[in-house]
file my_file-v8.pdb (PDB, C-alpha atoms, pLDDT in the B column)
ATOM      1  CA  MET A  58      79.880 125.582  12.882  1.00 44.00           C
ATOM      2  CA  PRO A  59      77.347 122.775  13.408  1.00 49.00           C
ATOM      3  CA  PRO A  60      78.702 119.267  13.780  1.00 50.00           C
ATOM      4  CA  THR A  61      78.673 116.928  10.824  1.00 50.00           C
ATOM      5  CA  GLU A  62      77.240 113.467  11.200  1.00 46.00           C
ATOM      6  CA  VAL A  63      80.745 112.028  10.845  1.00 44.00           C
ATOM      7  CA  GLU A  64      82.108 114.197  13.666  1.00 47.00           C
ATOM      8  CA  ARG A  65      79.231 113.529  16.048  1.00 56.00           C
ATOM      9  CA  ASP A  66      78.865 109.830  15.481  1.00 65.00           C
ATOM     10  CA  ALA A  67      77.980 107.212  18.055  1.00 69.00           C
ATOM     11  CA  ALA A  68      81.663 106.389  18.544  1.00 79.00           C
ATOM     12  CA  ARG A  69      82.152 109.730  20.310  1.00 93.00           C
ATOM     13  CA  LEU A  70      81.155 110.169  23.911  1.00 93.00           C
ATOM     14  CA  HIS A  71      78.908 113.236  24.317  1.00 95.00           C
ATOM     15  CA  VAL A  72      80.334 115.431  27.091  1.00 96.00           C
ATOM     16  CA  VAL A  73      79.171 118.794  28.413  1.00 97.00           C
ATOM     17  CA  VAL A  74      81.703 121.283  29.757  1.00 97.00           C
ATOM     18  CA  ALA A  75      81.067 124.368  31.894  1.00 96.00           C
ATOM     19  CA  LEU A  76      83.046 127.561  32.023  1.00 96.00           C
ATOM     20  CA  LEU A  77      81.843 128.862  35.369  1.00 96.00           C
ATOM     21  CA  ARG A  78      82.788 132.516  35.437  1.00 95.00           C
ATOM     22  CA  ARG A  79      82.655 134.811  38.448  1.00 94.00           C
ATOM     23  CA  ARG A  80      82.118 138.574  38.332  1.00 93.00           C
ATOM     24  CA  ASP A  81      85.900 139.075  38.517  1.00 95.00           C
ATOM     25  CA  ARG A  82      86.112 137.074  35.229  1.00 95.00           C
ATOM     26  CA  ARG A  83      87.959 134.150  36.856  1.00 96.00           C
ATOM     27  CA  LEU A  84      87.096 130.670  35.622  1.00 97.00           C
ATOM     28  CA  LEU A  85      86.761 127.533  37.726  1.00 97.00           C
ATOM     29  CA  MET A  86      89.097 124.665  36.916  1.00 98.00           C
ATOM     30  CA  GLN A  87      89.460 121.298  38.568  1.00 97.00           C
ATOM     31  CA  GLN A  88      92.311 118.820  38.694  1.00 97.00           C
ATOM     32  CA  ARG A  89      91.788 115.250  37.530  1.00 95.00           C
ATOM     33  CA  LEU A  90      92.066 112.701  40.300  1.00 93.00           C
ATOM     34  CA  PRO A  91      94.823 110.096  40.676  1.00 93.00           C
ATOM     35  CA  GLY A  92      93.866 106.813  39.042  1.00 91.00           C
ATOM     36  CA  THR A  93      91.880 108.490  36.260  1.00 91.00           C
ATOM     37  CA  PRO A  94      92.986 109.074  32.670  1.00 90.00           C
ATOM     38  CA  CYS A  95      95.135 112.226  32.457  1.00 92.00           C
ATOM     39  CA  ALA A  96      95.496 112.288  36.259  1.00 92.00           C
ATOM     40  CA  GLY A  97      96.831 115.561  37.615  1.00 95.00           C
ATOM     41  CA  GLN A  98      95.876 117.634  34.602  1.00 95.00           C
ATOM     42  CA  TRP A  99      93.484 120.554  34.893  1.00 97.00           C
ATOM     43  CA  GLU A 100      90.129 120.800  33.129  1.00 96.00           C
ATOM     44  CA  PHE A 101      86.851 122.646  33.194  1.00 97.00           C
ATOM     45  CA  PRO A 102      84.054 120.837  35.046  1.00 97.00           C
ATOM     46  CA  GLY A 103      81.466 118.765  33.245  1.00 95.00           C
ATOM     47  CA  GLY A 104      80.651 115.205  32.350  1.00 94.00           C
ATOM     48  CA  LYS A 105      78.804 112.713  30.217  1.00 95.00           C
ATOM     49  CA  VAL A 106      75.350 113.339  28.811  1.00 96.00           C
ATOM     50  CA  GLU A 107      73.081 110.433  29.723  1.00 94.00           C
ATOM     51  CA  PRO A 108      70.758 108.885  27.080  1.00 92.00           C
ATOM     52  CA  GLY A 109      67.638 111.019  26.668  1.00 93.00           C
ATOM     53  CA  GLU A 110      69.128 113.904  28.668  1.00 94.00           C
ATOM     54  CA  SER A 111      69.474 117.401  27.217  1.00 93.00           C
ATOM     55  CA  ALA A 112      72.881 119.070  27.322  1.00 94.00           C
ATOM     56  CA  PRO A 113      71.737 121.888  29.682  1.00 92.00           C
ATOM     57  CA  ARG A 114      70.149 119.344  32.036  1.00 93.00           C
ATOM     58  CA  ALA A 115      73.313 117.201  32.010  1.00 95.00           C
ATOM     59  CA  LEU A 116      75.368 120.307  32.735  1.00 95.00           C
ATOM     60  CA  ALA A 117      73.232 121.245  35.754  1.00 94.00           C
ATOM     61  CA  ARG A 118      73.354 117.654  37.051  1.00 95.00           C
ATOM     62  CA  GLU A 119      77.127 117.324  36.673  1.00 95.00           C
ATOM     63  CA  LEU A 120      77.819 120.699  38.318  1.00 96.00           C
ATOM     64  CA  HIS A 121      75.660 119.762  41.281  1.00 95.00           C
ATOM     65  CA  GLU A 122      77.213 116.290  41.627  1.00 94.00           C
ATOM     66  CA  GLU A 123      80.843 117.353  41.195  1.00 93.00           C
ATOM     67  CA  LEU A 124      80.888 120.801  42.767  1.00 95.00           C
ATOM     68  CA  GLY A 125      77.688 121.459  44.723  1.00 93.00           C
ATOM     69  CA  VAL A 126      76.853 124.326  42.367  1.00 93.00           C
ATOM     70  CA  ASP A 127      73.233 125.057  41.492  1.00 92.00           C
ATOM     71  CA  ALA A 128      72.848 125.788  37.795  1.00 88.00           C
ATOM     72  CA  ALA A 129      69.310 124.417  37.380  1.00 80.00           C
ATOM     73  CA  ARG A 130      67.916 127.901  36.709  1.00 81.00           C
ATOM     74  CA  ALA A 131      71.020 129.200  34.973  1.00 82.00           C
ATOM     75  CA  HIS A 132      71.017 130.342  31.383  1.00 88.00           C
ATOM     76  CA  PRO A 133      74.080 128.617  29.942  1.00 92.00           C
ATOM     77  CA  ARG A 134      75.361 130.224  26.773  1.00 93.00           C
ATOM     78  CA  ALA A 135      76.662 127.851  24.124  1.00 95.00           C
ATOM     79  CA  LEU A 136      80.312 128.661  23.475  1.00 96.00           C
ATOM     80  CA  ILE A 137      81.771 125.979  21.211  1.00 95.00           C
ATOM     81  CA  GLU A 138      81.255 122.389  20.118  1.00 95.00           C
ATOM     82  CA  LEU A 139      84.229 120.321  19.124  1.00 94.00           C
ATOM     83  CA  PRO A 140      85.335 116.752  18.631  1.00 95.00           C
ATOM     84  CA  PHE A 141      88.473 115.812  20.495  1.00 93.00           C
ATOM     85  CA  ASP A 142      90.489 112.601  20.544  1.00 92.00           C
ATOM     86  CA  TYR A 143      92.295 111.676  23.740  1.00 88.00           C
ATOM     87  CA  ALA A 144      94.350 108.496  24.057  1.00 85.00           C
ATOM     88  CA  HIS A 145      91.620 107.070  26.324  1.00 86.00           C
ATOM     89  CA  ALA A 146      88.462 108.384  24.607  1.00 89.00           C
ATOM     90  CA  ARG A 147      86.964 110.048  21.565  1.00 94.00           C
ATOM     91  CA  VAL A 148      84.615 112.790  22.764  1.00 94.00           C
ATOM     92  CA  TRP A 149      82.188 115.356  21.423  1.00 95.00           C
ATOM     93  CA  LEU A 150      82.455 118.406  23.691  1.00 96.00           C
ATOM     94  CA  GLU A 151      79.569 120.810  24.035  1.00 97.00           C
ATOM     95  CA  VAL A 152      80.928 123.803  25.965  1.00 97.00           C
ATOM     96  CA  PHE A 153      78.811 126.380  27.791  1.00 97.00           C
ATOM     97  CA  LEU A 154      79.586 129.651  29.555  1.00 96.00           C
ATOM     98  CA  LEU A 155      77.754 130.221  32.847  1.00 94.00           C
ATOM     99  CA  ASP A 156      77.804 133.552  34.616  1.00 92.00           C
ATOM    100  CA  ASP A 157      74.627 132.917  36.614  1.00 88.00           C
ATOM    101  CA  PHE A 158      74.995 130.038  39.058  1.00 90.00           C
ATOM    102  CA  SER A 159      74.698 129.820  42.806  1.00 90.00           C
ATOM    103  CA  GLY A 160      76.588 128.073  45.565  1.00 90.00           C
ATOM    104  CA  GLU A 161      80.229 127.834  46.513  1.00 89.00           C
ATOM    105  CA  ALA A 162      82.069 125.409  44.275  1.00 91.00           C
ATOM    106  CA  SER A 163      84.084 122.735  46.025  1.00 90.00           C
ATOM    107  CA  GLY A 164      85.439 119.393  44.844  1.00 90.00           C
ATOM    108  CA  ARG A 165      82.764 116.987  46.083  1.00 93.00           C
ATOM    109  CA  GLU A 166      84.634 114.030  44.565  1.00 88.00           C
ATOM    110  CA  GLY A 167      87.964 114.961  46.153  1.00 89.00           C
ATOM    111  CA  GLN A 168      89.287 116.953  43.217  1.00 94.00           C
ATOM    112  CA  GLN A 169      91.212 120.159  43.766  1.00 95.00           C
ATOM    113  CA  THR A 170      89.536 123.273  42.365  1.00 96.00           C
ATOM    114  CA  LYS A 171      90.691 126.821  41.809  1.00 97.00           C
ATOM    115  CA  TRP A 172      89.523 130.050  40.227  1.00 97.00           C
ATOM    116  CA  VAL A 173      91.948 131.294  37.582  1.00 97.00           C
ATOM    117  CA  THR A 174      92.312 134.019  34.998  1.00 96.00           C
ATOM    118  CA  ARG A 175      92.543 133.012  31.350  1.00 93.00           C
ATOM    119  CA  ALA A 176      96.282 133.699  31.477  1.00 93.00           C
ATOM    120  CA  GLN A 177      96.714 131.504  34.562  1.00 96.00           C
ATOM    121  CA  ALA A 178      94.688 128.721  32.938  1.00 95.00           C
ATOM    122  CA  ALA A 179      97.005 128.778  29.945  1.00 89.00           C
ATOM    123  CA  GLN A 180      99.990 128.192  32.273  1.00 93.00           C
ATOM    124  CA  LEU A 181      98.559 125.062  33.934  1.00 96.00           C
ATOM    125  CA  ASP A 182      99.108 121.472  32.829  1.00 96.00           C
ATOM    126  CA  VAL A 183      95.724 121.170  31.109  1.00 96.00           C
ATOM    127  CA  LEU A 184      93.841 118.571  29.112  1.00 94.00           C
ATOM    128  CA  GLY A 185      94.338 118.905  25.370  1.00 92.00           C
ATOM    129  CA  ALA A 186      90.872 120.341  24.692  1.00 94.00           C
ATOM    130  CA  VAL A 187      91.361 123.286  27.083  1.00 95.00           C
ATOM    131  CA  PRO A 188      93.419 125.540  24.736  1.00 95.00           C
ATOM    132  CA  PRO A 189      90.805 125.543  21.924  1.00 95.00           C
ATOM    133  CA  ILE A 190      88.094 126.193  24.513  1.00 96.00           C
ATOM    134  CA  LEU A 191      90.016 129.150  25.906  1.00 95.00           C
ATOM    135  CA  ALA A 192      90.573 130.447  22.374  1.00 94.00           C
ATOM    136  CA  ALA A 193      86.787 130.432  21.789  1.00 94.00           C
ATOM    137  CA  LEU A 194      86.137 132.484  24.919  1.00 90.00           C
ATOM    138  CA  ARG A 195      85.635 136.157  24.194  1.00 80.00           C
ATOM    139  CA  ASP A 196      85.510 138.564  27.120  1.00 65.00           C
TER     140      ASP A 196
END
call {"tool": "encode", "arguments": {"input": "my_file-v8.pdb", "output": "structure tokens"}}
result
Amino acid sequence: MPPTEVERDAARLHVVVALLRRRDRRLLMQQRLPGTPCAGQWEFPGGKVEPGESAPRALARELHEELGVDAARAHPRALIELPFDYAHARVWLEVFLLDDFSGEASGREGQQTKWVTRAQAAQLDVLGAVPPILAALRD
């Protein structure tokens, strides 16, 4: 369902999210760093879209900066868009599935990362937007 103007207003921070998926169907998750909002909780990688930047370009930039993953030539598949309200921010999440990326993902900003199954992801202490994202993922 496309966003309404009310849902995707300027008060919401536009954020891209990547579901990096390996051939074994495991997804990459990262743990939020101490001193950040929701510290210790697990999330999918991504970040803010800069003014004038397309969502796919922002996704490739964030994955390179955070994880050292090359997704510049990837073909991200749009999965879901959703507004979400955290205590610290109101965001508009644009979520993509990526099966075609290169490089070994590692937490370049000091964050812990791990590859998990969907069932394992559901058992982690995750950010509030993770369950609806997982529900949108179809194998």
call {"tool": "atom_distance", "arguments": {"input": "my_file-v8.pdb", "atom1": "CA of Val183 (chain A)", "atom2": "CA of Arg118 (chain A)"}}
result
23.4 Å
call {"tool": "residues_around", "arguments": {"input": "my_file-v8.pdb", "residues": "Leu77 (chain A)", "least_positions_apart": "4", "cutoff": "10 Å", "atoms": "only C-alpha atoms", "output": "PyMOL selection string"}}
result
chain A and resi 82-86+101-102+120+126+128+133+153-158+162+172
call {"tool": "closest_residue", "arguments": {"input": "my_file-v8.pdb", "among": "A:Ile137, A:Leu124, A:Leu181, A:Leu150", "to": "Val106 (chain A)", "atoms": "only C-alpha atoms"}}
result
A:Leu150
call {"tool": "closest_atom_pairs", "arguments": {"input": "my_file-v8.pdb", "of": "region 58-129 of chain A", "to": "region 184-192 of chain A", "cutoff": "12 Å", "atoms": "only C-alpha atoms", "output": "Markdown table"}}
result
| residue | atom | partner | partner_atom | distance |
| --- | --- | --- | --- | --- |
| A:Val72 | CA | A:Ala186 | CA | 11.9 |
| A:Val74 | CA | A:Ile190 | CA | 9.6 |
| A:Ala75 | CA | A:Ile190 | CA | 10.4 |
| A:Leu76 | CA | A:Ile190 | CA | 9.2 |
| A:Leu84 | CA | A:Leu191 | CA | 10.3 |
| A:Met86 | CA | A:Val187 | CA | 10.2 |
| A:Gln87 | CA | A:Leu184 | CA | 10.8 |
| A:Gln88 | CA | A:Leu184 | CA | 9.7 |
| A:Arg89 | CA | A:Leu184 | CA | 9.3 |
| A:Pro94 | CA | A:Leu184 | CA | 10.2 |
| A:Cys95 | CA | A:Leu184 | CA | 7.3 |
| A:Ala96 | CA | A:Leu184 | CA | 9.7 |
| A:Gly97 | CA | A:Leu184 | CA | 9.5 |
| A:Gln98 | CA | A:Leu184 | CA | 5.9 |
| A:Trp99 | CA | A:Leu184 | CA | 6.1 |
| A:Glu100 | CA | A:Leu184 | CA | 5.9 |
| A:Phe101 | CA | A:Val187 | CA | 7.6 |
| A:Pro102 | CA | A:Val187 | CA | 11.1 |
call {"tool": "resolve_selection", "arguments": {"input": "my_file-v8.pdb", "expression": "the PyMOL selection byres ((chain A and resi 148) around 9)", "output": "PyMOL selection string"}}
result
chain A and resi 65+68-72+139-143+146-147+149-150
call {"tool": "closest_residue", "arguments": {"input": "my_file-v8.pdb", "among": "A:Gly103, A:Val173, A:Thr93, A:His145", "to": "Glu123 (chain A)", "atoms": "only C-alpha atoms"}}
result
A:Gly103
call {"tool": "atom_distance", "arguments": {"input": "my_file-v8.pdb", "atom1": "CA of Arg165 (chain A)", "atom2": "CA of Asp182 (chain A)"}}
result
21.5 Å
call {"tool": "decode", "arguments": {"input": "my_file-v8.pdb", "residues": "region 162-182 of chain A", "atoms": "N, CA, C and O atoms", "output": "PDB file, in the first residue's frame"}}
result
ATOM      1  N   ALA A 162      30.262  -9.007   5.666  1.00  0.00           N
ATOM      2  CA  ALA A 162      29.714  -8.008   6.577  1.00  0.00           C
ATOM      3  C   ALA A 162      30.382  -8.082   7.944  1.00  0.00           C
ATOM      4  O   ALA A 162      30.528  -9.156   8.515  1.00  0.00           O
ATOM      5  N   SER A 163      30.813  -6.922   8.414  1.00  0.00           N
ATOM      6  CA  SER A 163      31.340  -6.819   9.772  1.00  0.00           C
ATOM      7  C   SER A 163      30.984  -5.437  10.316  1.00  0.00           C
ATOM      8  O   SER A 163      30.871  -4.476   9.560  1.00  0.00           O
ATOM      9  N   GLY A 164      30.808  -5.344  11.609  1.00  0.00           N
ATOM     10  CA  GLY A 164      30.400  -4.093  12.241  1.00  0.00           C
ATOM     11  C   GLY A 164      31.514  -3.060  12.222  1.00  0.00           C
ATOM     12  O   GLY A 164      32.325  -3.013  13.137  1.00  0.00           O
ATOM     13  N   ARG A 165      31.521  -2.214  11.215  1.00  0.00           N
ATOM     14  CA  ARG A 165      32.568  -1.196  11.063  1.00  0.00           C
ATOM     15  C   ARG A 165      32.460  -0.080  12.094  1.00  0.00           C
ATOM     16  O   ARG A 165      33.392   0.691  12.267  1.00  0.00           O
ATOM     17  N   GLU A 166      31.328   0.019  12.765  1.00  0.00           N
ATOM     18  CA  GLU A 166      31.127   1.064  13.776  1.00  0.00           C
ATOM     19  C   GLU A 166      31.160   0.476  15.181  1.00  0.00           C
ATOM     20  O   GLU A 166      30.753   1.117  16.133  1.00  0.00           O
ATOM     21  N   GLY A 167      31.632  -0.774  15.285  1.00  0.00           N
ATOM     22  CA  GLY A 167      31.753  -1.433  16.579  1.00  0.00           C
ATOM     23  C   GLY A 167      30.544  -2.255  16.981  1.00  0.00           C
ATOM     24  O   GLY A 167      30.543  -2.873  18.041  1.00  0.00           O
ATOM     25  N   GLN A 168      29.527  -2.292  16.152  1.00  0.00           N
ATOM     26  CA  GLN A 168      28.325  -3.040  16.482  1.00  0.00           C
ATOM     27  C   GLN A 168      28.534  -4.537  16.238  1.00  0.00           C
ATOM     28  O   GLN A 168      29.248  -4.941  15.336  1.00  0.00           O
ATOM     29  N   GLN A 169      27.896  -5.329  17.080  1.00  0.00           N
ATOM     30  CA  GLN A 169      27.927  -6.774  16.906  1.00  0.00           C
ATOM     31  C   GLN A 169      26.965  -7.135  15.778  1.00  0.00           C
ATOM     32  O   GLN A 169      25.893  -6.547  15.642  1.00  0.00           O
ATOM     33  N   THR A 170      27.354  -8.093  14.956  1.00  0.00           N
ATOM     34  CA  THR A 170      26.492  -8.570  13.875  1.00  0.00           C
ATOM     35  C   THR A 170      26.376 -10.088  13.955  1.00  0.00           C
ATOM     36  O   THR A 170      27.265 -10.751  14.498  1.00  0.00           O
ATOM     37  N   LYS A 171      25.277 -10.611  13.419  1.00  0.00           N
ATOM     38  CA  LYS A 171      25.157 -12.052  13.306  1.00  0.00           C
ATOM     39  C   LYS A 171      24.112 -12.400  12.252  1.00  0.00           C
ATOM     40  O   LYS A 171      23.178 -11.648  12.001  1.00  0.00           O
ATOM     41  N   TRP A 172      24.342 -13.563  11.642  1.00  0.00           N
ATOM     42  CA  TRP A 172      23.414 -14.106  10.654  1.00  0.00           C
ATOM     43  C   TRP A 172      22.438 -15.018  11.384  1.00  0.00           C
ATOM     44  O   TRP A 172      22.857 -15.895  12.124  1.00  0.00           O
ATOM     45  N   VAL A 173      21.154 -14.798  11.174  1.00  0.00           N
ATOM     46  CA  VAL A 173      20.128 -15.543  11.901  1.00  0.00           C
ATOM     47  C   VAL A 173      19.030 -16.033  10.961  1.00  0.00           C
ATOM     48  O   VAL A 173      18.791 -15.451   9.901  1.00  0.00           O
ATOM     49  N   THR A 174      18.355 -17.085  11.374  1.00  0.00           N
ATOM     50  CA  THR A 174      17.147 -17.511  10.684  1.00  0.00           C
ATOM     51  C   THR A 174      16.012 -16.584  11.099  1.00  0.00           C
ATOM     52  O   THR A 174      16.129 -15.853  12.093  1.00  0.00           O
ATOM     53  N   ARG A 175      14.905 -16.659  10.400  1.00  0.00           N
ATOM     54  CA  ARG A 175      13.739 -15.854  10.793  1.00  0.00           C
ATOM     55  C   ARG A 175      13.291 -16.226  12.200  1.00  0.00           C
ATOM     56  O   ARG A 175      12.942 -15.361  13.004  1.00  0.00           O
ATOM     57  N   ALA A 176      13.310 -17.507  12.518  1.00  0.00           N
ATOM     58  CA  ALA A 176      12.901 -17.953  13.853  1.00  0.00           C
ATOM     59  C   ALA A 176      13.840 -17.415  14.924  1.00  0.00           C
ATOM     60  O   ALA A 176      13.393 -16.984  15.996  1.00  0.00           O
ATOM     61  N   GLN A 177      15.136 -17.426  14.661  1.00  0.00           N
ATOM     62  CA  GLN A 177      16.102 -16.884  15.625  1.00  0.00           C
ATOM     63  C   GLN A 177      15.912 -15.385  15.796  1.00  0.00           C
ATOM     64  O   GLN A 177      15.995 -14.860  16.905  1.00  0.00           O
ATOM     65  N   ALA A 178      15.646 -14.683  14.703  1.00  0.00           N
ATOM     66  CA  ALA A 178      15.424 -13.236  14.774  1.00  0.00           C
ATOM     67  C   ALA A 178      14.238 -12.917  15.676  1.00  0.00           C
ATOM     68  O   ALA A 178      14.283 -11.972  16.461  1.00  0.00           O
ATOM     69  N   ALA A 179      13.203 -13.717  15.577  1.00  0.00           N
ATOM     70  CA  ALA A 179      12.007 -13.493  16.382  1.00  0.00           C
ATOM     71  C   ALA A 179      12.259 -13.706  17.873  1.00  0.00           C
ATOM     72  O   ALA A 179      11.496 -13.217  18.705  1.00  0.00           O
ATOM     73  N   GLN A 180      13.332 -14.402  18.229  1.00  0.00           N
ATOM     74  CA  GLN A 180      13.652 -14.676  19.634  1.00  0.00           C
ATOM     75  C   GLN A 180      14.573 -13.621  20.250  1.00  0.00           C
ATOM     76  O   GLN A 180      14.769 -13.610  21.461  1.00  0.00           O
ATOM     77  N   LEU A 181      15.136 -12.750  19.435  1.00  0.00           N
ATOM     78  CA  LEU A 181      16.050 -11.717  19.936  1.00  0.00           C
ATOM     79  C   LEU A 181      15.270 -10.543  20.525  1.00  0.00           C
ATOM     80  O   LEU A 181      14.091 -10.348  20.226  1.00  0.00           O
ATOM     81  N   ASP A 182      15.958  -9.735  21.321  1.00  0.00           N
ATOM     82  CA  ASP A 182      15.405  -8.474  21.803  1.00  0.00           C
ATOM     83  C   ASP A 182      15.572  -7.473  20.653  1.00  0.00           C
ATOM     84  O   ASP A 182      16.655  -6.945  20.435  1.00  0.00           O
TER      85      ASP A 182
END
